[in-house]
file data-v2.pdb (PDB, C-alpha atoms, pLDDT in the B column)
ATOM      1  CA  MET A   1     -28.826 -23.442 -30.878  1.00 96.00           C
ATOM      2  CA  LYS A   2     -30.517 -21.472 -28.155  1.00 98.00           C
ATOM      3  CA  ILE A   3     -32.569 -23.173 -25.438  1.00 98.00           C
ATOM      4  CA  THR A   4     -34.869 -20.946 -23.358  1.00 98.00           C
ATOM      5  CA  PHE A   5     -36.556 -22.434 -20.310  1.00 98.00           C
ATOM      6  CA  ILE A   6     -40.054 -20.946 -20.458  1.00 98.00           C
ATOM      7  CA  GLY A   7     -41.436 -22.907 -17.512  1.00 98.00           C
ATOM      8  CA  THR A   8     -39.606 -25.200 -15.091  1.00 98.00           C
ATOM      9  CA  GLY A   9     -42.293 -26.009 -12.512  1.00 98.00           C
ATOM     10  CA  ASN A  10     -44.858 -28.752 -12.120  1.00 96.00           C
ATOM     11  CA  MET A  11     -48.623 -28.297 -11.884  1.00 93.00           C
ATOM     12  CA  GLY A  12     -48.557 -27.578  -8.151  1.00 92.00           C
ATOM     13  CA  CYS A  13     -45.476 -25.330  -8.169  1.00 95.00           C
ATOM     14  CA  LYS A  14     -46.234 -21.898  -6.689  1.00 94.00           C
ATOM     15  CA  LEU A  15     -43.494 -19.772  -8.236  1.00 91.00           C
ATOM     16  CA  ARG A  16     -42.536 -21.265 -11.636  1.00 97.00           C
ATOM     17  CA  GLY A  17     -44.463 -21.826 -14.839  1.00 97.00           C
ATOM     18  CA  ASN A  18     -45.677 -25.112 -16.263  1.00 97.00           C
ATOM     19  CA  PRO A  19     -42.997 -27.068 -18.166  1.00 97.00           C
ATOM     20  CA  SER A  20     -42.189 -25.547 -21.539  1.00 98.00           C
ATOM     21  CA  VAL A  21     -38.902 -25.208 -23.421  1.00 98.00           C
ATOM     22  CA  LEU A  22     -38.064 -23.167 -26.524  1.00 98.00           C
ATOM     23  CA  ILE A  23     -35.360 -24.521 -28.844  1.00 98.00           C
ATOM     24  CA  ASP A  24     -34.710 -21.734 -31.347  1.00 98.00           C
ATOM     25  CA  ASP A  25     -38.172 -21.455 -32.974  1.00 98.00           C
ATOM     26  CA  LEU A  26     -39.551 -24.788 -31.692  1.00 98.00           C
ATOM     27  CA  LEU A  27     -41.602 -24.766 -28.489  1.00 98.00           C
ATOM     28  CA  ILE A  28     -42.046 -28.010 -26.571  1.00 98.00           C
ATOM     29  CA  ASP A  29     -45.272 -28.125 -24.556  1.00 98.00           C
ATOM     30  CA  ILE A  30     -47.712 -25.289 -24.028  1.00 98.00           C
ATOM     31  CA  GLY A  31     -49.384 -25.796 -20.672  1.00 95.00           C
ATOM     32  CA  CYS A  32     -51.470 -23.355 -18.655  1.00 95.00           C
ATOM     33  CA  GLY A  33     -49.939 -19.863 -18.708  1.00 96.00           C
ATOM     34  CA  THR A  34     -47.247 -20.515 -21.321  1.00 98.00           C
ATOM     35  CA  VAL A  35     -48.363 -17.701 -23.636  1.00 98.00           C
ATOM     36  CA  LYS A  36     -48.051 -15.195 -20.793  1.00 97.00           C
ATOM     37  CA  GLN A  37     -44.646 -16.648 -19.894  1.00 98.00           C
ATOM     38  CA  LEU A  38     -43.473 -16.037 -23.461  1.00 98.00           C
ATOM     39  CA  GLY A  39     -44.535 -12.416 -23.081  1.00 97.00           C
ATOM     40  CA  ARG A  40     -42.605 -12.124 -19.804  1.00 97.00           C
ATOM     41  CA  PHE A  41     -39.435 -13.014 -21.689  1.00 98.00           C
ATOM     42  CA  ASP A  42     -40.172 -10.770 -24.714  1.00 98.00           C
ATOM     43  CA  ILE A  43     -40.702 -13.736 -27.040  1.00 98.00           C
ATOM     44  CA  GLU A  44     -43.246 -12.966 -29.738  1.00 97.00           C
ATOM     45  CA  THR A  45     -45.811 -15.642 -30.592  1.00 97.00           C
ATOM     46  CA  LYS A  46     -45.184 -14.875 -34.270  1.00 97.00           C
ATOM     47  CA  SER A  47     -41.580 -16.064 -33.877  1.00 98.00           C
ATOM     48  CA  LEU A  48     -42.718 -19.649 -33.180  1.00 98.00           C
ATOM     49  CA  LYS A  49     -42.623 -21.954 -36.200  1.00 98.00           C
ATOM     50  CA  TYR A  50     -43.211 -25.273 -34.418  1.00 98.00           C
ATOM     51  CA  ILE A  51     -45.013 -26.441 -31.283  1.00 98.00           C
ATOM     52  CA  VAL A  52     -44.365 -30.007 -30.091  1.00 98.00           C
ATOM     53  CA  ILE A  53     -46.742 -31.606 -27.579  1.00 98.00           C
ATOM     54  CA  SER A  54     -45.666 -34.448 -25.278  1.00 98.00           C
ATOM     55  CA  HIS A  55     -49.138 -35.432 -24.016  1.00 97.00           C
ATOM     56  CA  TYR A  56     -52.523 -33.957 -23.243  1.00 96.00           C
ATOM     57  CA  HIS A  57     -52.422 -33.108 -19.547  1.00 96.00           C
ATOM     58  CA  PRO A  58     -53.321 -29.429 -18.950  1.00 95.00           C
ATOM     59  CA  ASP A  59     -49.881 -28.457 -17.681  1.00 96.00           C
ATOM     60  CA  HIS A  60     -48.490 -29.492 -21.091  1.00 97.00           C
ATOM     61  CA  PHE A  61     -51.296 -28.668 -23.518  1.00 97.00           C
ATOM     62  CA  ALA A  62     -54.054 -26.465 -22.107  1.00 95.00           C
ATOM     63  CA  ASP A  63     -52.732 -23.098 -23.356  1.00 96.00           C
ATOM     64  CA  ILE A  64     -53.085 -24.177 -26.996  1.00 96.00           C
ATOM     65  CA  GLY A  65     -56.469 -22.431 -27.235  1.00 93.00           C
ATOM     66  CA  HIS A  66     -55.008 -19.263 -25.722  1.00 94.00           C
ATOM     67  CA  PHE A  67     -52.207 -19.434 -28.272  1.00 96.00           C
ATOM     68  CA  PHE A  68     -54.620 -19.602 -31.218  1.00 95.00           C
ATOM     69  CA  VAL A  69     -56.747 -16.717 -29.934  1.00 95.00           C
ATOM     70  CA  THR A  70     -53.592 -14.670 -29.304  1.00 96.00           C
ATOM     71  CA  ARG A  71     -52.470 -15.258 -32.912  1.00 96.00           C
ATOM     72  CA  TYR A  72     -55.859 -13.991 -34.054  1.00 96.00           C
ATOM     73  CA  SER A  73     -55.805 -10.888 -31.832  1.00 96.00           C
ATOM     74  CA  ARG A  74     -52.286 -10.015 -33.033  1.00 97.00           C
ATOM     75  CA  ASN A  75     -53.130 -10.487 -36.740  1.00 97.00           C
ATOM     76  CA  GLU A  76     -50.705 -13.416 -37.043  1.00 97.00           C
ATOM     77  CA  LEU A  77     -52.938 -15.923 -38.819  1.00 95.00           C
ATOM     78  CA  ASP A  78     -50.926 -15.567 -42.023  1.00 94.00           C
ATOM     79  CA  ASN A  79     -47.824 -16.856 -40.207  1.00 95.00           C
ATOM     80  CA  ARG A  80     -47.247 -20.537 -40.909  1.00 97.00           C
ATOM     81  CA  ILE A  81     -46.844 -22.833 -37.899  1.00 98.00           C
ATOM     82  CA  LYS A  82     -46.639 -26.601 -37.454  1.00 98.00           C
ATOM     83  CA  ILE A  83     -48.219 -28.231 -34.394  1.00 98.00           C
ATOM     84  CA  ILE A  84     -46.727 -31.675 -33.738  1.00 98.00           C
ATOM     85  CA  GLY A  85     -47.754 -34.359 -31.274  1.00 98.00           C
ATOM     86  CA  PRO A  86     -49.182 -37.820 -30.586  1.00 97.00           C
ATOM     87  CA  ILE A  87     -52.040 -39.399 -32.499  1.00 96.00           C
ATOM     88  CA  GLY A  88     -55.279 -37.567 -31.663  1.00 96.00           C
ATOM     89  CA  LEU A  89     -53.715 -34.098 -31.751  1.00 97.00           C
ATOM     90  CA  GLU A  90     -56.038 -32.662 -34.392  1.00 97.00           C
ATOM     91  CA  GLU A  91     -59.161 -33.877 -32.608  1.00 96.00           C
ATOM     92  CA  ARG A  92     -58.052 -32.354 -29.317  1.00 95.00           C
ATOM     93  CA  ILE A  93     -57.079 -29.025 -30.862  1.00 96.00           C
ATOM     94  CA  LYS A  94     -60.478 -28.749 -32.547  1.00 94.00           C
ATOM     95  CA  GLY A  95     -62.074 -29.562 -29.215  1.00 91.00           C
ATOM     96  CA  PHE A  96     -60.383 -26.538 -27.648  1.00 88.00           C
ATOM     97  CA  LEU A  97     -61.425 -24.317 -30.535  1.00 90.00           C
ATOM     98  CA  LYS A  98     -65.110 -25.148 -30.005  1.00 89.00           C
ATOM     99  CA  ILE A  99     -65.114 -22.864 -26.963  1.00 86.00           C
ATOM    100  CA  THR A 100     -64.106 -19.837 -29.051  1.00 85.00           C
ATOM    101  CA  GLU A 101     -66.503 -17.884 -31.250  1.00 84.00           C
ATOM    102  CA  LEU A 102     -64.173 -18.312 -34.224  1.00 88.00           C
ATOM    103  CA  GLY A 103     -63.670 -22.074 -34.001  1.00 89.00           C
ATOM    104  CA  GLU A 104     -61.685 -23.653 -36.801  1.00 90.00           C
ATOM    105  CA  GLU A 105     -61.108 -20.318 -38.497  1.00 92.00           C
ATOM    106  CA  LEU A 106     -58.218 -20.026 -36.045  1.00 95.00           C
ATOM    107  CA  LEU A 107     -56.470 -22.915 -37.823  1.00 96.00           C
ATOM    108  CA  LYS A 108     -55.529 -20.677 -40.733  1.00 95.00           C
ATOM    109  CA  GLY A 109     -51.799 -21.037 -41.338  1.00 96.00           C
ATOM    110  CA  VAL A 110     -51.607 -24.142 -39.108  1.00 97.00           C
ATOM    111  CA  GLU A 111     -50.357 -27.587 -40.152  1.00 98.00           C
ATOM    112  CA  ILE A 112     -51.085 -30.403 -37.681  1.00 98.00           C
ATOM    113  CA  ILE A 113     -48.676 -33.359 -37.721  1.00 98.00           C
ATOM    114  CA  GLU A 114     -49.443 -36.509 -35.719  1.00 98.00           C
ATOM    115  CA  LEU A 115     -46.503 -38.753 -34.869  1.00 98.00           C
ATOM    116  CA  GLU A 116     -46.360 -42.487 -34.359  1.00 96.00           C
ATOM    117  CA  GLU A 117     -44.183 -43.949 -31.613  1.00 94.00           C
ATOM    118  CA  ASN A 118     -40.493 -44.405 -32.501  1.00 94.00           C
ATOM    119  CA  ILE A 119     -40.928 -43.152 -36.081  1.00 97.00           C
ATOM    120  CA  GLU A 120     -38.348 -40.432 -36.629  1.00 97.00           C
ATOM    121  CA  VAL A 121     -39.456 -37.637 -38.942  1.00 97.00           C
ATOM    122  CA  ASN A 122     -37.607 -34.837 -40.675  1.00 98.00           C
ATOM    123  CA  ILE A 123     -39.533 -31.602 -40.326  1.00 97.00           C
ATOM    124  CA  ASP A 124     -37.654 -28.857 -42.087  1.00 97.00           C
ATOM    125  CA  LYS A 125     -34.391 -28.287 -40.177  1.00 97.00           C
ATOM    126  CA  TYR A 126     -35.276 -30.644 -37.290  1.00 98.00           C
ATOM    127  CA  LYS A 127     -35.190 -34.403 -36.815  1.00 98.00           C
ATOM    128  CA  ILE A 128     -37.843 -35.382 -34.286  1.00 98.00           C
ATOM    129  CA  LYS A 129     -38.182 -38.847 -32.779  1.00 98.00           C
ATOM    130  CA  PRO A 130     -41.130 -39.553 -30.435  1.00 98.00           C
ATOM    131  CA  ILE A 131     -40.466 -42.194 -27.773  1.00 98.00           C
ATOM    132  CA  LEU A 132     -43.199 -43.663 -25.586  1.00 97.00           C
ATOM    133  CA  LEU A 133     -42.627 -43.082 -21.878  1.00 98.00           C
ATOM    134  CA  THR A 134     -44.375 -44.411 -18.774  1.00 97.00           C
ATOM    135  CA  HIS A 135     -46.590 -41.804 -17.106  1.00 97.00           C
ATOM    136  CA  GLY A 136     -48.972 -43.673 -14.855  1.00 94.00           C
ATOM    137  CA  ARG A 137     -52.102 -44.653 -16.807  1.00 91.00           C
ATOM    138  CA  ILE A 138     -51.703 -41.870 -19.382  1.00 90.00           C
ATOM    139  CA  LYS A 139     -51.045 -43.072 -22.936  1.00 90.00           C
ATOM    140  CA  PRO A 140     -49.470 -41.908 -25.036  1.00 95.00           C
ATOM    141  CA  SER A 141     -46.979 -39.719 -23.220  1.00 96.00           C
ATOM    142  CA  TYR A 142     -44.062 -39.021 -25.519  1.00 98.00           C
ATOM    143  CA  GLY A 143     -40.510 -38.091 -24.828  1.00 98.00           C
ATOM    144  CA  TYR A 144     -38.559 -36.688 -27.735  1.00 98.00           C
ATOM    145  CA  ILE A 145     -35.112 -36.698 -29.233  1.00 98.00           C
ATOM    146  CA  ILE A 146     -34.795 -33.491 -31.209  1.00 98.00           C
ATOM    147  CA  GLU A 147     -31.775 -33.067 -33.442  1.00 98.00           C
ATOM    148  CA  LYS A 148     -30.550 -29.912 -35.123  1.00 98.00           C
ATOM    149  CA  ASP A 149     -27.070 -28.725 -36.131  1.00 95.00           C
ATOM    150  CA  ASN A 150     -25.585 -32.078 -35.024  1.00 95.00           C
ATOM    151  CA  LYS A 151     -26.835 -31.599 -31.469  1.00 97.00           C
ATOM    152  CA  LYS A 152     -29.344 -33.934 -29.852  1.00 98.00           C
ATOM    153  CA  ILE A 153     -31.688 -32.763 -27.110  1.00 98.00           C
ATOM    154  CA  GLY A 154     -33.823 -35.152 -25.090  1.00 98.00           C
ATOM    155  CA  TYR A 155     -37.104 -34.038 -23.531  1.00 98.00           C
ATOM    156  CA  THR A 156     -38.778 -36.364 -21.012  1.00 98.00           C
ATOM    157  CA  CYS A 157     -41.826 -34.733 -19.426  1.00 92.00           C
ATOM    158  CA  ASP A 158     -43.656 -36.655 -18.000  1.00 94.00           C
ATOM    159  CA  THR A 159     -42.239 -40.057 -17.075  1.00 97.00           C
ATOM    160  CA  THR A 160     -41.337 -42.382 -14.271  1.00 97.00           C
ATOM    161  CA  VAL A 161     -38.302 -44.686 -14.425  1.00 98.00           C
ATOM    162  CA  CYS A 162     -38.568 -46.845 -17.544  1.00 97.00           C
ATOM    163  CA  GLU A 163     -36.416 -48.454 -20.209  1.00 97.00           C
ATOM    164  CA  ASN A 164     -37.209 -45.830 -22.826  1.00 98.00           C
ATOM    165  CA  PHE A 165     -36.113 -43.012 -20.523  1.00 98.00           C
ATOM    166  CA  GLU A 166     -32.699 -44.615 -20.291  1.00 97.00           C
ATOM    167  CA  GLU A 167     -32.655 -45.104 -24.069  1.00 96.00           C
ATOM    168  CA  ILE A 168     -33.058 -41.352 -24.496  1.00 98.00           C
ATOM    169  CA  CYS A 169     -30.248 -40.664 -21.987  1.00 98.00           C
ATOM    170  CA  LYS A 170     -27.890 -42.849 -24.027  1.00 96.00           C
ATOM    171  CA  ASN A 171     -28.495 -40.965 -27.249  1.00 97.00           C
ATOM    172  CA  VAL A 172     -28.564 -37.243 -26.484  1.00 98.00           C
ATOM    173  CA  ASP A 173     -26.166 -34.459 -25.552  1.00 98.00           C
ATOM    174  CA  TYR A 174     -28.635 -32.657 -23.286  1.00 98.00           C
ATOM    175  CA  LEU A 175     -31.517 -34.120 -21.277  1.00 98.00           C
ATOM    176  CA  LEU A 176     -34.381 -31.882 -20.110  1.00 98.00           C
ATOM    177  CA  GLY A 177     -36.405 -34.052 -17.776  1.00 98.00           C
ATOM    178  CA  ASP A 178     -39.289 -34.485 -15.370  1.00 97.00           C
ATOM    179  CA  VAL A 179     -38.011 -34.257 -11.787  1.00 98.00           C
ATOM    180  CA  ASN A 180     -41.326 -33.814 -10.024  1.00 97.00           C
ATOM    181  CA  GLY A 181     -40.179 -34.525  -6.483  1.00 97.00           C
ATOM    182  CA  ILE A 182     -37.352 -36.069  -4.529  1.00 98.00           C
ATOM    183  CA  THR A 183     -38.514 -39.665  -4.932  1.00 98.00           C
ATOM    184  CA  THR A 184     -39.978 -41.448  -7.945  1.00 98.00           C
ATOM    185  CA  ASN A 185     -43.660 -42.438  -8.123  1.00 97.00           C
ATOM    186  CA  PRO A 186     -45.620 -44.353 -10.798  1.00 96.00           C
ATOM    187  CA  ALA A 187     -46.171 -41.194 -12.860  1.00 96.00           C
ATOM    188  CA  HIS A 188     -43.083 -39.042 -12.307  1.00 97.00           C
ATOM    189  CA  MET A 189     -39.311 -39.209 -11.940  1.00 97.00           C
ATOM    190  CA  GLY A 190     -37.743 -38.238  -8.621  1.00 98.00           C
ATOM    191  CA  LEU A 191     -34.528 -36.295  -8.160  1.00 98.00           C
ATOM    192  CA  ASN A 192     -32.814 -39.278  -6.528  1.00 98.00           C
ATOM    193  CA  ASP A 193     -33.238 -41.487  -9.619  1.00 98.00           C
ATOM    194  CA  PHE A 194     -32.627 -38.629 -12.051  1.00 98.00           C
ATOM    195  CA  THR A 195     -29.306 -37.972 -10.318  1.00 98.00           C
ATOM    196  CA  GLU A 196     -28.258 -41.611 -10.635  1.00 98.00           C
ATOM    197  CA  TYR A 197     -28.870 -41.449 -14.402  1.00 98.00           C
ATOM    198  CA  ALA A 198     -26.859 -38.210 -14.565  1.00 98.00           C
ATOM    199  CA  LYS A 199     -23.937 -39.982 -12.880  1.00 98.00           C
ATOM    200  CA  LYS A 200     -24.216 -42.995 -15.181  1.00 98.00           C
ATOM    201  CA  TYR A 201     -24.456 -40.992 -18.433  1.00 98.00           C
ATOM    202  CA  ASN A 202     -21.990 -38.238 -17.634  1.00 94.00           C
ATOM    203  CA  ASN A 203     -21.426 -37.376 -21.301  1.00 96.00           C
ATOM    204  CA  CYS A 204     -24.944 -35.991 -21.292  1.00 98.00           C
ATOM    205  CA  LYS A 205     -25.865 -32.820 -19.387  1.00 98.00           C
ATOM    206  CA  PHE A 206     -29.001 -33.238 -17.265  1.00 98.00           C
ATOM    207  CA  TYR A 207     -31.456 -30.384 -16.607  1.00 98.00           C
ATOM    208  CA  ALA A 208     -34.240 -30.806 -14.056  1.00 98.00           C
ATOM    209  CA  ILE A 209     -37.587 -29.324 -15.078  1.00 98.00           C
ATOM    210  CA  HIS A 210     -41.196 -30.114 -14.076  1.00 98.00           C
ATOM    211  CA  ARG A 211     -39.970 -29.451 -10.517  1.00 98.00           C
ATOM    212  CA  GLY A 212     -41.950 -28.965  -7.360  1.00 97.00           C
ATOM    213  CA  ASP A 213     -41.100 -26.442  -4.660  1.00 96.00           C
ATOM    214  CA  TYR A 214     -38.381 -28.528  -3.032  1.00 96.00           C
ATOM    215  CA  GLU A 215     -34.980 -26.936  -2.361  1.00 94.00           C
ATOM    216  CA  GLU A 216     -32.663 -29.939  -2.684  1.00 97.00           C
ATOM    217  CA  ARG A 217     -29.836 -29.544  -5.234  1.00 97.00           C
ATOM    218  CA  ASN A 218     -26.693 -31.470  -6.202  1.00 98.00           C
ATOM    219  CA  GLU A 219     -23.620 -31.117  -8.403  1.00 97.00           C
ATOM    220  CA  PHE A 220     -24.648 -33.708 -10.997  1.00 98.00           C
ATOM    221  CA  VAL A 221     -27.849 -32.038 -12.197  1.00 98.00           C
ATOM    222  CA  ASN A 222     -28.554 -28.524 -13.491  1.00 98.00           C
ATOM    223  CA  PHE A 223     -31.555 -26.646 -12.081  1.00 98.00           C
ATOM    224  CA  PRO A 224     -32.646 -23.924 -14.511  1.00 98.00           C
ATOM    225  CA  GLU A 225     -35.219 -21.292 -13.595  1.00 98.00           C
ATOM    226  CA  ASP A 226     -37.896 -19.729 -15.792  1.00 98.00           C
ATOM    227  CA  GLY A 227     -36.258 -17.450 -18.362  1.00 98.00           C
ATOM    228  CA  ASP A 228     -32.808 -19.027 -18.187  1.00 98.00           C
ATOM    229  CA  VAL A 229     -31.046 -19.399 -21.532  1.00 98.00           C
ATOM    230  CA  LEU A 230     -28.622 -22.116 -22.613  1.00 98.00           C
ATOM    231  CA  ASN A 231     -26.584 -21.573 -25.788  1.00 98.00           C
ATOM    232  CA  ILE A 232     -25.144 -24.766 -27.246  1.00 95.00           C
TER     233      ILE A 232
END

call {"tool": "encode", "arguments": {"input": "data-v2.pdb", "output": "C-alpha cells"}}
result
Amino acid sequence: MKITFIGTGNMGCKLRGNPSVLIDDLLIDIGCGTVKQLGRFDIETKSLKYIVISHYHPDHFADIGHFFVTRYSRNELDNRIKIIGPIGLEERIKGFLKITELGEELLKGVEIIELEENIEVNIDKYKIKPILLTHGRIKPSYGYIIEKDNKKIGYTCDTTVCENFEEICKNVDYLLGDVNGITTNPAHMGLNDFTEYAKKYNNCKFYAIHRGDYEERNEFVNFPEDGDVLNI
C-alpha cells in the first residue's frame, strides 16, 4: 500500500494544504484546495476510485464541487468513482452542484454511499469502518478504520480526546490523526495528548496531520509534510 499525504495542515495553516490523505486509489477528505494539491504531486483525478469524507466542514469537504467540475473539464465522466461518507452525503453533494451550470449531470459515473456509525462495509478491495468521534458540536464527524492487504489504517480528523479515538488506536497499524495545536480543546486533539497515546500504543505508528504552524516535534510521533509518501 502507498500512502500519500496530500495535505497536512489545518484550516488556518499558512504553508500546508487542508487535511487529505491518498491510500492507493482512495482519497480521504477533499477540503479547500485539494484538487490543486493533487496536481502539484502529479496525481491525476482520473486515478481516484474512491473518496471518503469524514465530515462536512469546508477544510474536509468543500473541494468536492471543484472535483466534479474538474472531471467534466477533463472528459472523465465515464470513469467510475464511489463517494463515501456520513448520512446526508448525497444531499450535500447535490447542494454543491446547484452552483454549477451543469448540476446533477456531473454525477455521471458517481456512486454515493452513505455509512452508518460502526457498521463496517466491504467496498471492493477495502474494508471501511466509520467510528463516531467527538468534534465539538459537529455531528457526525467520523473517524475511519480502513483495511486493505491485511493492513489497518486509522484516520481521525477531526476529534478531541474521546473513547472512540482510543478504540481506533487499539486496532490499527498506522494512525493518521488530528493534531491541531499543542494542547487539546473541545473540538481538536493537541500534540501533548496525541503523544501520550503514541507512547501507550507503541505497536501503532502515529502520524500528526491537521497541524497548525507550530514547530514543536518529538520522537514518538511522525510529522509528514505535504507530498510525503509512506509505503507499507

call {"tool": "resolve_selection", "arguments": {"input": "data-v2.pdb", "expression": "the PyMOL selection byres ((chain A and resi 41) around 10)", "output": "number ranges by chain"}}
result
A: 4-6, 36-40, 42-44, 226-228

call {"tool": "atom_distance", "arguments": {"input": "data-v2.pdb", "atom1": "atom CA of A:Ile128", "atom2": "atom CA of A:Arg92"}}
result
21.0 Å

call {"tool": "residues_around", "arguments": {"input": "data-v2.pdb", "residues": "A:Lys108", "least_positions_apart": "5", "cutoff": "9 Å", "atoms": "only C-alpha atoms", "output": "VMD selection string"}}
result
chain A and resid 77 to 80

call {"tool": "axis_aligned_box", "arguments": {"input": "data-v2.pdb", "around": "stretch 141-148 of chain A", "padding_each_side": "4 Å", "output": "AutoDock Vina command-line options"}}
result
--center_x -38.8 --center_y -34.8 --center_z -29.2 --size_x 24.4 --size_y 17.8 --size_z 19.9

call {"tool": "residues_around", "arguments": {"input": "data-v2.pdb", "residues": "A:Tyr126", "least_positions_apart": "4", "cutoff": "8 Å", "atoms": "only C-alpha atoms", "output": "PyMOL selection string"}}
result
chain A and resi 122+146-148

call {"tool": "atom_distance", "arguments": {"input": "data-v2.pdb", "atom1": "atom CA of A:Phe96", "atom2": "atom CA of A:Val69"}}
result
10.7 Å

call {"tool": "closest_residue", "arguments": {"input": "data-v2.pdb", "among": "A:Ile145, A:Leu176, A:Ile232, A:Leu107", "to": "A:Gly65", "atoms": "all atoms listed in the file"}}
result
A:Leu107
